Structure formats: structure tokens, C-alpha cells
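Reproduced below: final.txt, with compact mmCIF, all heavy atoms.
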# COMPACT_ATOMS: atom_id res chain seq x y z
N MET A 1 -14.97 33.82 -26.21
CA MET A 1 -13.88 34.62 -26.72
C MET A 1 -14.15 36.06 -26.30
O MET A 1 -15.28 36.54 -26.45
CB MET A 1 -13.82 34.50 -28.24
CG MET A 1 -12.68 35.27 -28.84
SD MET A 1 -12.46 34.96 -30.60
CE MET A 1 -13.80 35.91 -31.26
N LEU A 2 -13.15 36.71 -25.77
CA LEU A 2 -13.37 38.10 -25.41
C LEU A 2 -12.15 38.94 -25.73
O LEU A 2 -11.03 38.44 -25.75
CB LEU A 2 -13.76 38.25 -23.95
CG LEU A 2 -12.81 37.79 -22.87
CD1 LEU A 2 -11.97 38.94 -22.39
CD2 LEU A 2 -13.60 37.21 -21.73
N THR A 3 -12.43 40.18 -26.04
CA THR A 3 -11.39 41.16 -26.31
C THR A 3 -11.49 42.24 -25.26
O THR A 3 -12.56 42.81 -25.04
CB THR A 3 -11.56 41.78 -27.71
OG1 THR A 3 -11.54 40.73 -28.68
CG2 THR A 3 -10.46 42.77 -28.01
N GLY A 4 -10.37 42.48 -24.59
CA GLY A 4 -10.34 43.52 -23.58
C GLY A 4 -10.18 44.89 -24.22
O GLY A 4 -9.87 45.01 -25.41
N LYS A 5 -10.38 45.91 -23.44
CA LYS A 5 -10.19 47.27 -23.94
C LYS A 5 -8.74 47.54 -24.29
O LYS A 5 -8.44 48.48 -25.00
CB LYS A 5 -10.70 48.27 -22.92
CG LYS A 5 -12.22 48.25 -22.83
CD LYS A 5 -12.75 49.35 -21.96
CE LYS A 5 -14.28 49.29 -21.98
NZ LYS A 5 -14.84 50.23 -21.03
N ASP A 6 -7.83 46.65 -23.83
CA ASP A 6 -6.42 46.75 -24.18
C ASP A 6 -6.13 46.19 -25.58
O ASP A 6 -5.01 46.24 -26.05
CB ASP A 6 -5.56 46.02 -23.15
CG ASP A 6 -5.88 44.54 -23.02
OD1 ASP A 6 -6.78 44.04 -23.73
OD2 ASP A 6 -5.23 43.87 -22.19
N GLY A 7 -7.17 45.61 -26.24
CA GLY A 7 -7.03 45.07 -27.59
C GLY A 7 -6.61 43.62 -27.62
O GLY A 7 -6.52 43.02 -28.68
N ARG A 8 -6.34 43.02 -26.47
CA ARG A 8 -5.92 41.62 -26.39
C ARG A 8 -7.12 40.69 -26.46
O ARG A 8 -8.06 40.84 -25.70
CB ARG A 8 -5.16 41.42 -25.07
CG ARG A 8 -4.38 40.16 -25.03
CD ARG A 8 -3.56 40.08 -23.76
NE ARG A 8 -3.96 38.82 -23.12
CZ ARG A 8 -3.99 38.59 -21.84
NH1 ARG A 8 -3.64 39.52 -21.00
NH2 ARG A 8 -4.35 37.44 -21.38
N THR A 9 -7.10 39.73 -27.39
CA THR A 9 -8.20 38.78 -27.54
C THR A 9 -7.78 37.44 -26.96
O THR A 9 -6.65 37.00 -27.15
CB THR A 9 -8.58 38.60 -29.02
OG1 THR A 9 -9.00 39.86 -29.53
CG2 THR A 9 -9.70 37.59 -29.20
N ARG A 10 -8.69 36.79 -26.23
CA ARG A 10 -8.41 35.49 -25.65
C ARG A 10 -9.64 34.59 -25.69
O ARG A 10 -10.75 35.08 -25.66
CB ARG A 10 -7.89 35.62 -24.23
CG ARG A 10 -8.66 36.58 -23.36
CD ARG A 10 -7.74 37.05 -22.27
NE ARG A 10 -8.16 38.09 -21.40
CZ ARG A 10 -8.07 39.38 -21.63
NH1 ARG A 10 -7.65 39.83 -22.77
NH2 ARG A 10 -8.41 40.26 -20.73
N VAL A 11 -9.38 33.31 -25.76
CA VAL A 11 -10.44 32.31 -25.72
C VAL A 11 -10.35 31.64 -24.35
O VAL A 11 -9.30 31.11 -23.98
CB VAL A 11 -10.29 31.27 -26.84
CG1 VAL A 11 -11.35 30.18 -26.71
CG2 VAL A 11 -10.37 31.95 -28.19
N ARG A 12 -11.44 31.69 -23.60
CA ARG A 12 -11.45 31.14 -22.25
C ARG A 12 -12.77 30.42 -22.00
O ARG A 12 -13.78 30.71 -22.64
CB ARG A 12 -11.31 32.25 -21.19
CG ARG A 12 -10.04 33.06 -21.28
CD ARG A 12 -8.85 32.26 -20.81
NE ARG A 12 -7.66 33.06 -20.70
CZ ARG A 12 -6.76 33.21 -21.67
NH1 ARG A 12 -6.93 32.60 -22.82
NH2 ARG A 12 -5.69 33.95 -21.50
N LEU A 13 -12.76 29.54 -21.03
CA LEU A 13 -13.97 28.88 -20.55
C LEU A 13 -14.55 29.74 -19.44
O LEU A 13 -13.85 30.09 -18.49
CB LEU A 13 -13.63 27.48 -20.03
CG LEU A 13 -14.80 26.68 -19.47
CD1 LEU A 13 -15.81 26.38 -20.56
CD2 LEU A 13 -14.28 25.38 -18.86
N LEU A 14 -15.81 30.09 -19.58
CA LEU A 14 -16.48 30.92 -18.57
C LEU A 14 -16.91 30.03 -17.41
O LEU A 14 -17.68 29.09 -17.58
CB LEU A 14 -17.70 31.62 -19.18
CG LEU A 14 -18.55 32.45 -18.22
CD1 LEU A 14 -17.74 33.61 -17.65
CD2 LEU A 14 -19.79 32.96 -18.94
N LEU A 15 -16.40 30.33 -16.21
CA LEU A 15 -16.74 29.57 -15.02
C LEU A 15 -17.87 30.19 -14.23
O LEU A 15 -18.66 29.48 -13.61
CB LEU A 15 -15.51 29.43 -14.10
CG LEU A 15 -14.31 28.70 -14.69
CD1 LEU A 15 -13.16 28.73 -13.68
CD2 LEU A 15 -14.67 27.28 -15.05
N GLY A 16 -17.94 31.51 -14.23
CA GLY A 16 -18.98 32.16 -13.45
C GLY A 16 -19.03 33.65 -13.70
O GLY A 16 -18.11 34.25 -14.26
N ILE A 17 -20.15 34.24 -13.28
CA ILE A 17 -20.38 35.67 -13.41
C ILE A 17 -20.81 36.20 -12.06
O ILE A 17 -21.71 35.65 -11.43
CB ILE A 17 -21.48 35.97 -14.46
CG1 ILE A 17 -21.10 35.38 -15.82
CG2 ILE A 17 -21.73 37.47 -14.57
CD1 ILE A 17 -22.21 35.45 -16.85
N THR A 18 -20.15 37.25 -11.60
CA THR A 18 -20.52 37.92 -10.36
C THR A 18 -20.66 39.41 -10.62
O THR A 18 -20.44 39.87 -11.75
CB THR A 18 -19.47 37.69 -9.25
OG1 THR A 18 -18.25 38.34 -9.64
CG2 THR A 18 -19.20 36.22 -9.01
N GLU A 19 -20.98 40.14 -9.58
CA GLU A 19 -21.09 41.60 -9.73
C GLU A 19 -19.75 42.21 -10.13
O GLU A 19 -19.70 43.27 -10.75
CB GLU A 19 -21.54 42.26 -8.41
CG GLU A 19 -22.79 41.72 -7.81
CD GLU A 19 -22.56 40.46 -6.98
OE1 GLU A 19 -21.52 40.32 -6.30
OE2 GLU A 19 -23.43 39.59 -7.02
N ALA A 20 -18.65 41.54 -9.77
CA ALA A 20 -17.32 42.06 -10.05
C ALA A 20 -16.87 41.80 -11.48
O ALA A 20 -15.98 42.48 -11.98
CB ALA A 20 -16.32 41.44 -9.08
N GLY A 21 -17.45 40.79 -12.15
CA GLY A 21 -17.04 40.48 -13.52
C GLY A 21 -17.11 39.00 -13.82
O GLY A 21 -17.92 38.27 -13.25
N LEU A 22 -16.21 38.54 -14.69
CA LEU A 22 -16.22 37.16 -15.17
C LEU A 22 -15.06 36.37 -14.58
O LEU A 22 -13.94 36.87 -14.50
CB LEU A 22 -16.10 37.13 -16.69
CG LEU A 22 -17.10 37.96 -17.48
CD1 LEU A 22 -16.78 37.87 -18.97
CD2 LEU A 22 -18.52 37.52 -17.21
N SER A 23 -15.33 35.12 -14.18
CA SER A 23 -14.29 34.19 -13.76
C SER A 23 -14.00 33.28 -14.95
O SER A 23 -14.92 32.66 -15.49
CB SER A 23 -14.75 33.35 -12.58
OG SER A 23 -15.00 34.16 -11.47
N LEU A 24 -12.73 33.20 -15.35
CA LEU A 24 -12.36 32.49 -16.57
C LEU A 24 -11.30 31.43 -16.31
O LEU A 24 -10.48 31.56 -15.41
CB LEU A 24 -11.82 33.50 -17.59
CG LEU A 24 -12.70 34.70 -17.89
CD1 LEU A 24 -11.93 35.72 -18.70
CD2 LEU A 24 -13.96 34.28 -18.60
N SER A 25 -11.32 30.39 -17.15
CA SER A 25 -10.32 29.33 -17.07
C SER A 25 -9.68 29.15 -18.44
O SER A 25 -10.35 29.19 -19.46
CB SER A 25 -10.96 28.02 -16.64
OG SER A 25 -10.02 26.97 -16.66
N MET A 26 -8.36 28.92 -18.44
CA MET A 26 -7.67 28.59 -19.68
C MET A 26 -7.04 27.21 -19.60
O MET A 26 -6.28 26.81 -20.46
CB MET A 26 -6.62 29.66 -20.01
CG MET A 26 -5.48 29.75 -19.06
SD MET A 26 -4.25 30.94 -19.62
CE MET A 26 -4.20 32.01 -18.22
N THR A 27 -7.39 26.44 -18.56
CA THR A 27 -6.80 25.12 -18.36
C THR A 27 -7.87 24.04 -18.25
O THR A 27 -9.02 24.33 -17.96
CB THR A 27 -5.95 25.10 -17.07
OG1 THR A 27 -6.78 25.47 -15.97
CG2 THR A 27 -4.79 26.05 -17.16
N MET A 28 -7.46 22.80 -18.47
CA MET A 28 -8.34 21.65 -18.25
C MET A 28 -7.59 20.69 -17.37
O MET A 28 -6.45 20.37 -17.70
CB MET A 28 -8.68 20.98 -19.58
CG MET A 28 -9.62 21.79 -20.44
SD MET A 28 -11.16 22.17 -19.66
CE MET A 28 -12.14 20.79 -20.14
N PRO A 29 -8.12 20.21 -16.26
CA PRO A 29 -9.46 20.53 -15.78
C PRO A 29 -9.55 22.01 -15.40
O PRO A 29 -8.55 22.64 -15.09
CB PRO A 29 -9.64 19.62 -14.56
CG PRO A 29 -8.26 19.26 -14.13
CD PRO A 29 -7.39 19.34 -15.36
N GLU A 30 -10.78 22.51 -15.45
CA GLU A 30 -10.95 23.94 -15.27
C GLU A 30 -10.63 24.37 -13.84
O GLU A 30 -10.93 23.70 -12.89
CB GLU A 30 -12.31 24.46 -15.57
CG GLU A 30 -13.53 23.84 -16.08
CD GLU A 30 -13.78 22.40 -16.14
OE1 GLU A 30 -14.24 21.83 -15.16
OE2 GLU A 30 -13.61 21.83 -17.20
N LYS A 31 -9.97 25.52 -13.76
CA LYS A 31 -9.75 26.22 -12.49
C LYS A 31 -9.71 27.70 -12.82
O LYS A 31 -9.43 28.09 -13.95
CB LYS A 31 -8.46 25.77 -11.81
CG LYS A 31 -7.20 26.13 -12.54
CD LYS A 31 -5.97 25.64 -11.80
CE LYS A 31 -4.71 25.90 -12.58
NZ LYS A 31 -4.03 27.10 -12.26
N GLU A 32 -10.03 28.51 -11.86
CA GLU A 32 -10.07 29.94 -12.13
C GLU A 32 -8.65 30.46 -12.33
O GLU A 32 -7.85 30.49 -11.43
CB GLU A 32 -10.73 30.69 -10.97
CG GLU A 32 -10.90 32.16 -11.27
CD GLU A 32 -11.60 32.88 -10.15
OE1 GLU A 32 -12.81 32.65 -9.96
OE2 GLU A 32 -10.93 33.66 -9.46
N ASP A 33 -8.35 30.84 -13.56
CA ASP A 33 -7.03 31.37 -13.91
C ASP A 33 -7.03 32.89 -14.03
O ASP A 33 -5.97 33.50 -13.95
CB ASP A 33 -6.57 30.79 -15.26
CG ASP A 33 -6.40 29.29 -15.23
OD1 ASP A 33 -5.76 28.80 -14.28
OD2 ASP A 33 -6.91 28.62 -16.13
N GLU A 34 -8.20 33.44 -14.24
CA GLU A 34 -8.26 34.87 -14.56
C GLU A 34 -9.63 35.42 -14.18
O GLU A 34 -10.64 34.74 -14.29
CB GLU A 34 -8.04 35.00 -16.07
CG GLU A 34 -7.90 36.36 -16.62
CD GLU A 34 -7.58 36.35 -18.11
OE1 GLU A 34 -7.52 35.28 -18.74
OE2 GLU A 34 -7.41 37.45 -18.63
N LYS A 35 -9.64 36.66 -13.74
CA LYS A 35 -10.89 37.40 -13.53
C LYS A 35 -10.80 38.67 -14.37
O LYS A 35 -9.74 39.27 -14.46
CB LYS A 35 -11.08 37.78 -12.06
CG LYS A 35 -11.51 36.65 -11.20
CD LYS A 35 -11.87 37.16 -9.81
CE LYS A 35 -12.42 36.02 -8.99
NZ LYS A 35 -12.87 36.46 -7.69
N ILE A 36 -11.91 39.04 -14.97
CA ILE A 36 -11.94 40.27 -15.74
C ILE A 36 -13.18 41.06 -15.36
O ILE A 36 -14.28 40.52 -15.30
CB ILE A 36 -11.86 40.00 -17.26
CG1 ILE A 36 -11.72 41.31 -18.03
CG2 ILE A 36 -13.03 39.18 -17.75
CD1 ILE A 36 -11.29 41.15 -19.47
N ALA A 37 -12.98 42.32 -15.07
CA ALA A 37 -14.09 43.20 -14.69
C ALA A 37 -14.88 43.60 -15.94
O ALA A 37 -14.34 43.65 -17.04
CB ALA A 37 -13.55 44.45 -14.01
N PHE A 38 -16.16 43.85 -15.75
CA PHE A 38 -17.01 44.23 -16.88
C PHE A 38 -16.48 45.47 -17.58
O PHE A 38 -16.55 45.56 -18.80
CB PHE A 38 -18.45 44.46 -16.40
CG PHE A 38 -19.13 43.21 -15.94
CD1 PHE A 38 -19.49 43.05 -14.62
CD2 PHE A 38 -19.42 42.18 -16.83
CE1 PHE A 38 -20.12 41.89 -14.18
CE2 PHE A 38 -20.04 41.02 -16.41
CZ PHE A 38 -20.39 40.88 -15.08
N ASP A 39 -15.92 46.41 -16.83
CA ASP A 39 -15.40 47.64 -17.42
C ASP A 39 -14.18 47.41 -18.30
O ASP A 39 -13.83 48.26 -19.10
CB ASP A 39 -15.03 48.64 -16.32
CG ASP A 39 -16.25 49.19 -15.61
OD1 ASP A 39 -17.37 49.10 -16.16
OD2 ASP A 39 -16.10 49.72 -14.49
N ASP A 40 -13.52 46.25 -18.15
CA ASP A 40 -12.33 45.95 -18.95
C ASP A 40 -12.64 45.19 -20.23
O ASP A 40 -11.74 44.91 -21.02
CB ASP A 40 -11.34 45.13 -18.11
CG ASP A 40 -10.81 45.91 -16.92
OD1 ASP A 40 -10.76 47.16 -17.01
OD2 ASP A 40 -10.45 45.29 -15.91
N ILE A 41 -13.90 44.83 -20.47
CA ILE A 41 -14.29 44.06 -21.64
C ILE A 41 -14.65 45.00 -22.79
O ILE A 41 -15.47 45.89 -22.63
CB ILE A 41 -15.49 43.14 -21.33
CG1 ILE A 41 -15.12 42.14 -20.23
CG2 ILE A 41 -15.96 42.41 -22.59
CD1 ILE A 41 -16.30 41.34 -19.71
N GLY A 42 -14.01 44.77 -23.94
CA GLY A 42 -14.35 45.53 -25.14
C GLY A 42 -15.43 44.83 -25.94
O GLY A 42 -16.49 45.39 -26.21
N ASP A 43 -15.18 43.59 -26.32
CA ASP A 43 -16.12 42.76 -27.08
C ASP A 43 -16.12 41.36 -26.49
O ASP A 43 -15.11 40.89 -25.98
CB ASP A 43 -15.71 42.66 -28.56
CG ASP A 43 -15.88 43.98 -29.30
OD1 ASP A 43 -16.99 44.53 -29.26
OD2 ASP A 43 -14.89 44.44 -29.90
N ILE A 44 -17.26 40.70 -26.63
CA ILE A 44 -17.38 39.33 -26.16
C ILE A 44 -18.21 38.53 -27.15
O ILE A 44 -19.16 39.05 -27.74
CB ILE A 44 -17.98 39.29 -24.74
CG1 ILE A 44 -17.85 37.89 -24.12
CG2 ILE A 44 -19.41 39.78 -24.72
CD1 ILE A 44 -18.11 37.85 -22.63
N ALA A 45 -17.82 37.28 -27.38
CA ALA A 45 -18.55 36.39 -28.28
C ALA A 45 -18.65 35.03 -27.63
O ALA A 45 -17.74 34.59 -26.94
CB ALA A 45 -17.84 36.26 -29.62
N VAL A 46 -19.76 34.36 -27.85
CA VAL A 46 -19.97 33.02 -27.31
C VAL A 46 -19.73 32.01 -28.42
O VAL A 46 -20.28 32.13 -29.51
CB VAL A 46 -21.41 32.87 -26.76
CG1 VAL A 46 -21.64 31.46 -26.26
CG2 VAL A 46 -21.67 33.89 -25.66
N ILE A 47 -18.90 31.03 -28.14
CA ILE A 47 -18.61 29.97 -29.10
C ILE A 47 -19.23 28.69 -28.56
O ILE A 47 -18.96 28.30 -27.43
CB ILE A 47 -17.10 29.79 -29.28
CG1 ILE A 47 -16.48 31.08 -29.78
CG2 ILE A 47 -16.81 28.62 -30.22
CD1 ILE A 47 -14.97 31.10 -29.78
N VAL A 48 -20.06 28.05 -29.36
CA VAL A 48 -20.76 26.84 -28.95
C VAL A 48 -20.42 25.74 -29.94
O VAL A 48 -20.47 25.93 -31.15
CB VAL A 48 -22.28 27.06 -28.91
CG1 VAL A 48 -23.00 25.78 -28.54
CG2 VAL A 48 -22.64 28.19 -27.96
N GLU A 49 -20.11 24.56 -29.42
CA GLU A 49 -19.87 23.41 -30.27
C GLU A 49 -20.96 22.39 -30.01
O GLU A 49 -21.26 22.04 -28.87
CB GLU A 49 -18.51 22.77 -29.95
CG GLU A 49 -18.21 21.59 -30.79
CD GLU A 49 -16.85 20.99 -30.49
OE1 GLU A 49 -16.08 21.58 -29.75
OE2 GLU A 49 -16.59 19.90 -31.00
N THR A 50 -21.58 21.92 -31.08
CA THR A 50 -22.63 20.91 -30.97
C THR A 50 -22.12 19.61 -31.59
O THR A 50 -21.69 19.60 -32.74
CB THR A 50 -23.90 21.37 -31.70
OG1 THR A 50 -24.31 22.64 -31.15
CG2 THR A 50 -25.02 20.37 -31.53
N LEU A 51 -22.17 18.54 -30.84
CA LEU A 51 -21.73 17.24 -31.33
C LEU A 51 -22.93 16.37 -31.62
O LEU A 51 -23.88 16.35 -30.86
CB LEU A 51 -20.85 16.56 -30.29
CG LEU A 51 -19.58 17.31 -29.89
CD1 LEU A 51 -18.88 16.58 -28.75
CD2 LEU A 51 -18.65 17.48 -31.07
N ARG A 52 -22.88 15.62 -32.72
CA ARG A 52 -23.97 14.71 -33.08
C ARG A 52 -23.38 13.34 -33.31
O ARG A 52 -22.26 13.20 -33.80
CB ARG A 52 -24.66 15.18 -34.35
CG ARG A 52 -25.36 16.50 -34.17
CD ARG A 52 -26.05 16.88 -35.43
NE ARG A 52 -26.55 18.25 -35.30
CZ ARG A 52 -27.54 18.72 -35.98
NH1 ARG A 52 -28.15 17.97 -36.87
NH2 ARG A 52 -27.94 19.95 -35.82
N ASP A 53 -24.15 12.32 -32.98
CA ASP A 53 -23.73 10.93 -33.23
C ASP A 53 -23.93 10.55 -34.66
O ASP A 53 -24.75 10.99 -35.36
CB ASP A 53 -24.50 9.96 -32.34
CG ASP A 53 -24.09 10.14 -30.89
OD1 ASP A 53 -22.96 10.58 -30.63
OD2 ASP A 53 -24.91 9.81 -30.01
If you convert what's in this file into C-alpha cells, what do you get?
Amino acid sequence: MLTGKDGRTRVRLLLGITEAGLSLSMTMPEKEDEKIAFDDIGDIAVIVETLRD
């Protein structure tokens, strides 16, 4: 989950990290739908789901 400096919050799947920023997906199967530069990120949080049998 990340919030941009524009105040917009979104939940995305992180596909990769480069010097330019983050590659994000909002679709399944995953494909790069969005790129965001590090300078455009206000806040970021990692959401993890753990499944147990």
C-alpha cells in the first residue's frame, strides 16, 4: 500500500524496484500497470498475508 505525495492511496502488487522507482501491478495475472518514482512516494506500507493449513 502506498500513498503518493498527491495524497492518493493505492494498494498494488510490487513487481520490481529499480533506480527509477517501483514497478506496480493492479491486475491478476500481474503485469506492469504503473511506475512510481521514489520522489513521488509519501508513505509506504507492506501488507503480508500468511496462510496456515
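Closest approach to A:Gly16 from the set A:Val48, A:Asp53, A:Asp39, A:Glu30 is made by A:Glu30, with distances taken over only C-alpha atoms.
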A:Met28 proximity check over A:Ile41, A:Leu2, A:Leu51, A:Leu15, using only C-alpha atoms: winner is A:Leu15
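Within chain A, DSSP applied to the backbone places the following residues in strand (DSSP E or B): Leu2, Thr3, Gly4, Thr9, Arg10, Leu13, Leu14, Leu15, Gly16, Ile17, Thr18, Gly21, Leu22, Ser23, Leu24, Ser25, Glu34, Lys35, Ile36, Ile41, Gly42, Asp43 and Ile44 of chain A.
Take atom CA of A:Ile17 and atom CA of A:Ile47: the distance between them is 16.8 Å.
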A straight line from atom OG of A:Ser25 to atom C of A:Val11 spans 9.0 Å
